[in-house]
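Beneath this line is the structure, given in structure tokens, with notes to follow.
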Amino acid sequence: MPKVTIDGISIEVPEGTSILNAARMIGGEIVPPAMCYYSKLETSGGYCRTCMVKVVKGSEKDPRPMPKLVASCRQPVMDGMEVQNITSPDVIEARAGVVEFLLMNHPLDCPICDQAGECNLQDLGYEHGKEGTRYEFKRREFEKRDIGDKIQLHMTRCILCYRCVKVADQLCPSRVHGVMNRGDVAEISTYIEKAIDNEMSGNMIDVCPVGALTDKTFRFKSRVWFTKPVEAHRNCTKCSGKVRLWFKGEEVLRVTGRKDEWGEVKEFICNECRYDKKNVSDWVIEQPTHVDRHSVISQNHYENLKQMKLDTQRLKAKLPENKTNGSK
Amino acid sequence: MQSLTNRKKVVSNKEMTWVEKLYLPAILGGMRITLKHIFSKKTTISYPEQKREFSQVYRGMHVLKRDEKGAERCTACGLCAVACPAEAITMVAAERKKGEEHLYREEKYAATYEINMLRCIFCGDCEEACPKESIFLTDRIVPADLKRGEFVYGKDKLVEPVDKPIDISKRQTPEVLEFKKNKKLTHNR
């Protein structure tokens with residue numbers, strides 16, 4: 001098994017593992033961010049360049065460093081490879097540049113966007129980006145396109161990560177969704193409008209790292225941080241039925257897949273679960289979702305309140321005999 | 001019990017002297033203090049007729065501003081509500097329909113927007129959080145009322161009238177303007 005060292009932490013991983021997945025096995029701060037790579041979708045990754053790392057030692061046999069930064073989602077590990085991520089200033093600078101490129105055409109409409117609060121690009125910009133923008137030209141614009149009554153497409157927000165296209169390719173047997181045109185005018189679209197009727201098509205919403213594809217049934221209902229996520233399941237013939245419900249008060253506003261710590265859904269869910277089952281009675285609720293303390297969604301969710309333990313034995317010993325009797 | 005402060009005075013039962021028994025010096029002393037206060041400057045004013053001068057950045061009743069074309073600036077982004085330490089702000093968002101462009105500036109707007117003035121502590125965090133320069137605190141005072149429900153101010157009381165804009169230019173002190181000049185913070189554009 002090849003042994004790889006990332007930011008000074010060594011791990012042995014199976015043959016053919018990418019650097020990104022090896023870093024995820026270690027976990028923590030050293031994991032490169034990824035906007036297009038999605039472990040559940042084949043051939044994803046290699047578009048966005050946010051996961052770039054520096055390889056300072058190619059392998060045990062050929063210890064020369066790699067001449068350029070490499071995309072860690074596509075680069076398999078070699079035995080003895082040494083990788084720098086957050087310890088390399090080059091990587092941090094390059095990543096800030098990538099974020100600037102991604103934000104070049106991305107509109108600043110977070111106050112309107114339904115994805116705000118759980119947006120990968122927001123997090124990426126906050127953690128790795130620069131404060132300002134140097135771009136002075138008009139951002140690209142598209143004609144508004146209606147792609148069905150369940151999914152809302154905001155083409156201006158798209159960063160062309162191709163995740164939704166992979167979902168259409170790999171989960172929906174008859175693909176109706178793809179990328180048209182090239183370069184600056186490239187856009188995701190459907191050839192036949194209102195044609196996304198496949199029963200797994202709703203997963204495009206979950207895989208979208210930005211607010212380009214959002215749930216139309218949740219459109220402007222609430223900001224994400226005012227809703228409370230809860231894990232729930234039901235018997236579904238089409239999918240695993242394991243979902244996350246987003247409550248506001250007693251009302252289920254939205255149903256999504258369960259996302260893991262890397263922002264990827266654990267299991268894809270079908271459209272019936274996503275759009276049509278919005279009664280609490282449809283679901284068996286398991287537990288509240290753990291929300292990271294640094295996320296805005298943790299706002300007003302007090303899951304870590306611990307009850308203070310009183311040492312009653314010691315208290316009784318301290319109090320005089322007549323007082324304990326008197327309090328009864 | 002031990003006293004918490006040292007200000008406690010033990011009452012004495014001392015016999016009064018002849019002068020003290022007359023009570024006149026004590027009465028005159030009291031009258032002197034009273035007369036002094038009659039001629040000194042008053043600390044109170046009769047409020048509705050007379051008003052005190054407010055600070056430039058006094059934080060009173062909120063206003064929801066409109067832009068130059070008269071469209072509401074608020075997009076119901078919820079940042080004021082999440083910044084509010086008293087949880088006084090609630091809102092419901094709605095989508096702008098065709099033909100309403102002159103009413104609402106952005107695609108989304110606040111269908112209802114309520115501030116509970118009894119909860120509000122007038123800290124001004126909402127004004128600071130607002131990315132659209134929509135909400136401002138003004139030098140107006142929230143009037144008294146008889147019912148609690150009347151203190152939940154909706155859009156009818158908060159949004160400025162189209163024909164009678166609320167002036168907030170006094171709040172734009174040199175320090176505030178300097179902050180707004182910084183184009184790096186793109187929401188100031």
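The chains in the structure tokens are called A, B, ... from first to last as shown; in each chain the residues are counted from 1, and the ligands are counted from 1 in the order shown.
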At most 8 Å to chain B: residues in chain A, only C-alpha atoms, as a list in words:
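Selected residues: Pro111, Ile112, Glu131, Gly132, Thr133, Phe220, Lys221, Ser222, Arg223 and Gln299 of chain A.
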How would you write, as a ChimeraX atom specification, the set of residues in region 28-213 of chain A that DSSP gives as strand (DSSP E or B)?
/A:52-57,70-71,76,81-84,151-153,177-180,187-190,213
Might you pull out every residue within 9 Å of Pro76 (chain A), with only C-alpha atoms counted and same-chain residues fewer than 3 positions away left off, and present them as a PDB file with N, CA and C atoms, in the first residue's frame?
ATOM      1  N   GLU A  15      -4.072   1.470  -3.319  1.00  0.00           N
ATOM      2  CA  GLU A  15      -3.546   1.856  -4.631  1.00  0.00           C
ATOM      3  C   GLU A  15      -4.609   2.643  -5.411  1.00  0.00           C
ATOM      4  N   GLY A  16      -4.176   3.709  -6.066  1.00  0.00           N
ATOM      5  CA  GLY A  16      -5.093   4.450  -6.932  1.00  0.00           C
ATOM      6  C   GLY A  16      -5.921   5.498  -6.222  1.00  0.00           C
ATOM      7  N   THR A  17      -5.734   5.681  -4.902  1.00  0.00           N
ATOM      8  CA  THR A  17      -6.462   6.730  -4.192  1.00  0.00           C
ATOM      9  C   THR A  17      -5.932   8.094  -4.609  1.00  0.00           C
ATOM     10  N   SER A  18      -6.816   9.044  -4.760  1.00  0.00           N
ATOM     11  CA  SER A  18      -6.359  10.390  -5.106  1.00  0.00           C
ATOM     12  C   SER A  18      -5.816  11.079  -3.855  1.00  0.00           C
ATOM     13  N   ILE A  19      -5.032  12.132  -4.070  1.00  0.00           N
ATOM     14  CA  ILE A  19      -4.457  12.868  -2.931  1.00  0.00           C
ATOM     15  C   ILE A  19      -5.584  13.426  -2.065  1.00  0.00           C
ATOM     16  N   LEU A  20      -6.657  13.930  -2.731  1.00  0.00           N
ATOM     17  CA  LEU A  20      -7.772  14.533  -1.999  1.00  0.00           C
ATOM     18  C   LEU A  20      -8.411  13.508  -1.064  1.00  0.00           C
ATOM     19  N   SER A  72      -5.611  17.908  -6.707  1.00  0.00           N
ATOM     20  CA  SER A  72      -5.491  16.733  -5.842  1.00  0.00           C
ATOM     21  C   SER A  72      -6.644  15.752  -6.047  1.00  0.00           C
ATOM     22  N   CYS A  73      -7.747  16.182  -6.643  1.00  0.00           N
ATOM     23  CA  CYS A  73      -8.861  15.244  -6.835  1.00  0.00           C
ATOM     24  C   CYS A  73      -8.585  14.268  -7.964  1.00  0.00           C
TER      25      CYS A  73
END
Please run DSSP on the backbone and report, as a PyMOL selection string, all residues within chain B that come out as helix (DSSP H, G or I).
chain B and resi 18-22+24-39+79-83+125-129+149-151+155-158+169-171+174-181+186-188
Cys158 (chain A) surroundings by only C-alpha atoms, 12 Å radius, close-in-sequence under 6 positions cut, as a list of chain:residue names:
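Returned residues: A:Met35, A:Cys36, A:Cys48, A:Leu102, A:Leu103, A:Met104, A:Asn105, A:His106, A:Pro107, A:Leu121, A:Arg140, A:Glu141, A:Phe142, A:Cys164, A:Val179, A:Asp184, A:Val185, A:Ala186, A:Glu187, A:Ile188, A:Ser189, A:Cys208, A:Pro209, A:Val210, A:Gly211, A:Ala212, A:Leu213, A:Thr214.
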For Lys68 (chain A), work out the shell of residues within 10 Å, counting only C-alpha atoms and skipping chain neighbours fewer than 5 positions away, then give it as a ChimeraX atom specification.
/A:52-56
Atom pair CA of Glu250 (chain A) + CA of Asn203 (chain A), distance 25.0 Å
Between CA of Met81 (chain A) and CA of Pro2 (chain A), what is the spacing in Å?
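Going from CA of Pro2 (chain A) over to CA of Met81 (chain A), I get 8.4 Å.
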Fewer than 2 positions away in the same chain doesn't count, so skip those; otherwise give me all residues within 12 Å of Glu127 (chain B), counting only C-alpha atoms, as an NGL selection string.
:B and (57 or 59-65 or 74 or 79-81 or 83-84 or 122-125 or 129-138 or 168 or 171)
Keeping only N, CA and C atoms, write those residues as a short mmCIF file (atom, residue, chain, number, x, y, z; two decimals), in the first residue's frame.
data_model
loop_
_atom_site.label_atom_id
_atom_site.label_comp_id
_atom_site.auth_asym_id
_atom_site.auth_seq_id
_atom_site.Cartn_x
_atom_site.Cartn_y
_atom_site.Cartn_z
N VAL B 57 -26.05 60.49 15.97
CA VAL B 57 -26.26 59.07 15.70
C VAL B 57 -27.19 58.46 16.74
N ARG B 59 -30.12 56.55 18.36
CA ARG B 59 -30.75 55.34 17.85
C ARG B 59 -32.19 55.26 18.36
N GLY B 60 -33.11 55.66 17.52
CA GLY B 60 -34.53 55.61 17.87
C GLY B 60 -35.28 54.69 16.93
N MET B 61 -36.51 55.04 16.64
CA MET B 61 -37.38 54.19 15.82
C MET B 61 -36.78 53.92 14.44
N HIS B 62 -36.98 52.69 13.96
CA HIS B 62 -36.39 52.28 12.69
C HIS B 62 -37.17 52.84 11.51
N VAL B 63 -36.48 52.87 10.38
CA VAL B 63 -37.14 53.18 9.12
C VAL B 63 -36.62 52.22 8.07
N LEU B 64 -37.51 51.79 7.16
CA LEU B 64 -37.08 50.98 6.02
C LEU B 64 -37.06 51.92 4.81
N LYS B 65 -35.86 52.13 4.28
CA LYS B 65 -35.70 53.14 3.24
C LYS B 65 -36.13 52.61 1.87
N CYS B 74 -35.34 46.74 0.92
CA CYS B 74 -35.23 45.50 1.69
C CYS B 74 -35.51 44.29 0.81
N LEU B 79 -30.56 39.06 7.53
CA LEU B 79 -29.33 39.31 8.27
C LEU B 79 -29.58 40.20 9.49
N CYS B 80 -30.57 41.11 9.38
CA CYS B 80 -30.90 41.93 10.55
C CYS B 80 -31.48 41.06 11.65
N ALA B 81 -32.33 40.10 11.24
CA ALA B 81 -32.96 39.23 12.23
C ALA B 81 -31.94 38.34 12.90
N ALA B 83 -28.79 39.09 13.24
CA ALA B 83 -27.88 39.92 14.03
C ALA B 83 -28.55 40.43 15.30
N CYS B 84 -29.88 40.43 15.33
CA CYS B 84 -30.61 41.04 16.43
C CYS B 84 -30.41 40.26 17.73
N PHE B 122 -32.60 48.74 20.71
CA PHE B 122 -32.04 49.87 19.95
C PHE B 122 -30.52 49.87 19.96
N CYS B 123 -29.96 48.72 19.68
CA CYS B 123 -28.51 48.60 19.66
C CYS B 123 -27.94 49.01 18.30
N GLY B 124 -28.77 48.95 17.26
CA GLY B 124 -28.29 49.33 15.93
C GLY B 124 -27.56 48.25 15.18
N ASP B 125 -27.56 47.02 15.69
CA ASP B 125 -26.89 45.93 14.98
C ASP B 125 -27.57 45.63 13.65
N ALA B 129 -25.81 45.35 10.07
CA ALA B 129 -25.81 44.09 9.32
C ALA B 129 -26.40 44.25 7.93
N CYS B 130 -27.23 45.24 7.73
CA CYS B 130 -28.00 45.33 6.49
C CYS B 130 -27.08 45.50 5.27
N PRO B 131 -27.11 44.55 4.32
CA PRO B 131 -26.25 44.66 3.15
C PRO B 131 -26.83 45.57 2.07
N LYS B 132 -28.07 45.98 2.24
CA LYS B 132 -28.73 46.75 1.19
C LYS B 132 -29.00 48.18 1.60
N GLU B 133 -28.44 48.62 2.71
CA GLU B 133 -28.69 49.95 3.24
C GLU B 133 -30.18 50.25 3.28
N SER B 134 -30.91 49.34 3.84
CA SER B 134 -32.35 49.49 3.88
C SER B 134 -32.84 49.98 5.24
N ILE B 135 -32.38 49.31 6.30
CA ILE B 135 -32.88 49.67 7.63
C ILE B 135 -31.94 50.68 8.29
N PHE B 136 -32.53 51.69 8.88
CA PHE B 136 -31.76 52.69 9.62
C PHE B 136 -32.51 53.01 10.90
N LEU B 137 -31.79 53.36 11.93
CA LEU B 137 -32.42 53.87 13.13
C LEU B 137 -32.45 55.39 13.01
N THR B 138 -33.51 56.00 13.45
CA THR B 138 -33.65 57.45 13.28
C THR B 138 -33.75 58.12 14.65
N ILE B 168 -32.20 60.63 6.74
CA ILE B 168 -31.22 59.95 7.59
C ILE B 168 -29.83 60.48 7.30
N ARG B 171 -27.20 61.08 10.02
CA ARG B 171 -26.43 59.96 10.56
C ARG B 171 -25.14 59.71 9.78
#
Contacts of Ala232 (chain A) at 8 Å (only C-alpha atoms; same-chain gap of 4+ positions) as a list in words:
Lys242, Val243, Arg244, Leu245, Trp283, Val284, Ile285, Glu286 and Gln287 of chain A
Those selected residues, please, written with C-alpha atoms and delivered as a PDB file, in the first residue's frame.
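Listing of out.pdb after writing:
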ATOM      1  CA  LYS A 242     -33.033   8.490   4.522  1.00  0.00           C
ATOM      2  CA  VAL A 243     -33.352  12.260   4.397  1.00  0.00           C
ATOM      3  CA  ARG A 244     -32.917  15.482   6.279  1.00  0.00           C
ATOM      4  CA  LEU A 245     -36.005  17.553   7.069  1.00  0.00           C
ATOM      5  CA  TRP A 283     -41.621  10.555   8.311  1.00  0.00           C
ATOM      6  CA  VAL A 284     -40.041   8.749  11.228  1.00  0.00           C
ATOM      7  CA  ILE A 285     -37.870  11.339  12.926  1.00  0.00           C
ATOM      8  CA  GLU A 286     -34.584  10.038  14.291  1.00  0.00           C
ATOM      9  CA  GLN A 287     -32.662  12.912  15.822  1.00  0.00           C
TER      10      GLN A 287
END
So how many Å separate CA of Gly117 (chain A) and CA of Asp292 (chain A), to one decimal?
12.1 Å
Judged by only C-alpha atoms, the minimum distance to Gly148 (chain A) among A:Thr43, A:Arg293, A:Thr312, A:Thr217 is found for A:Thr217
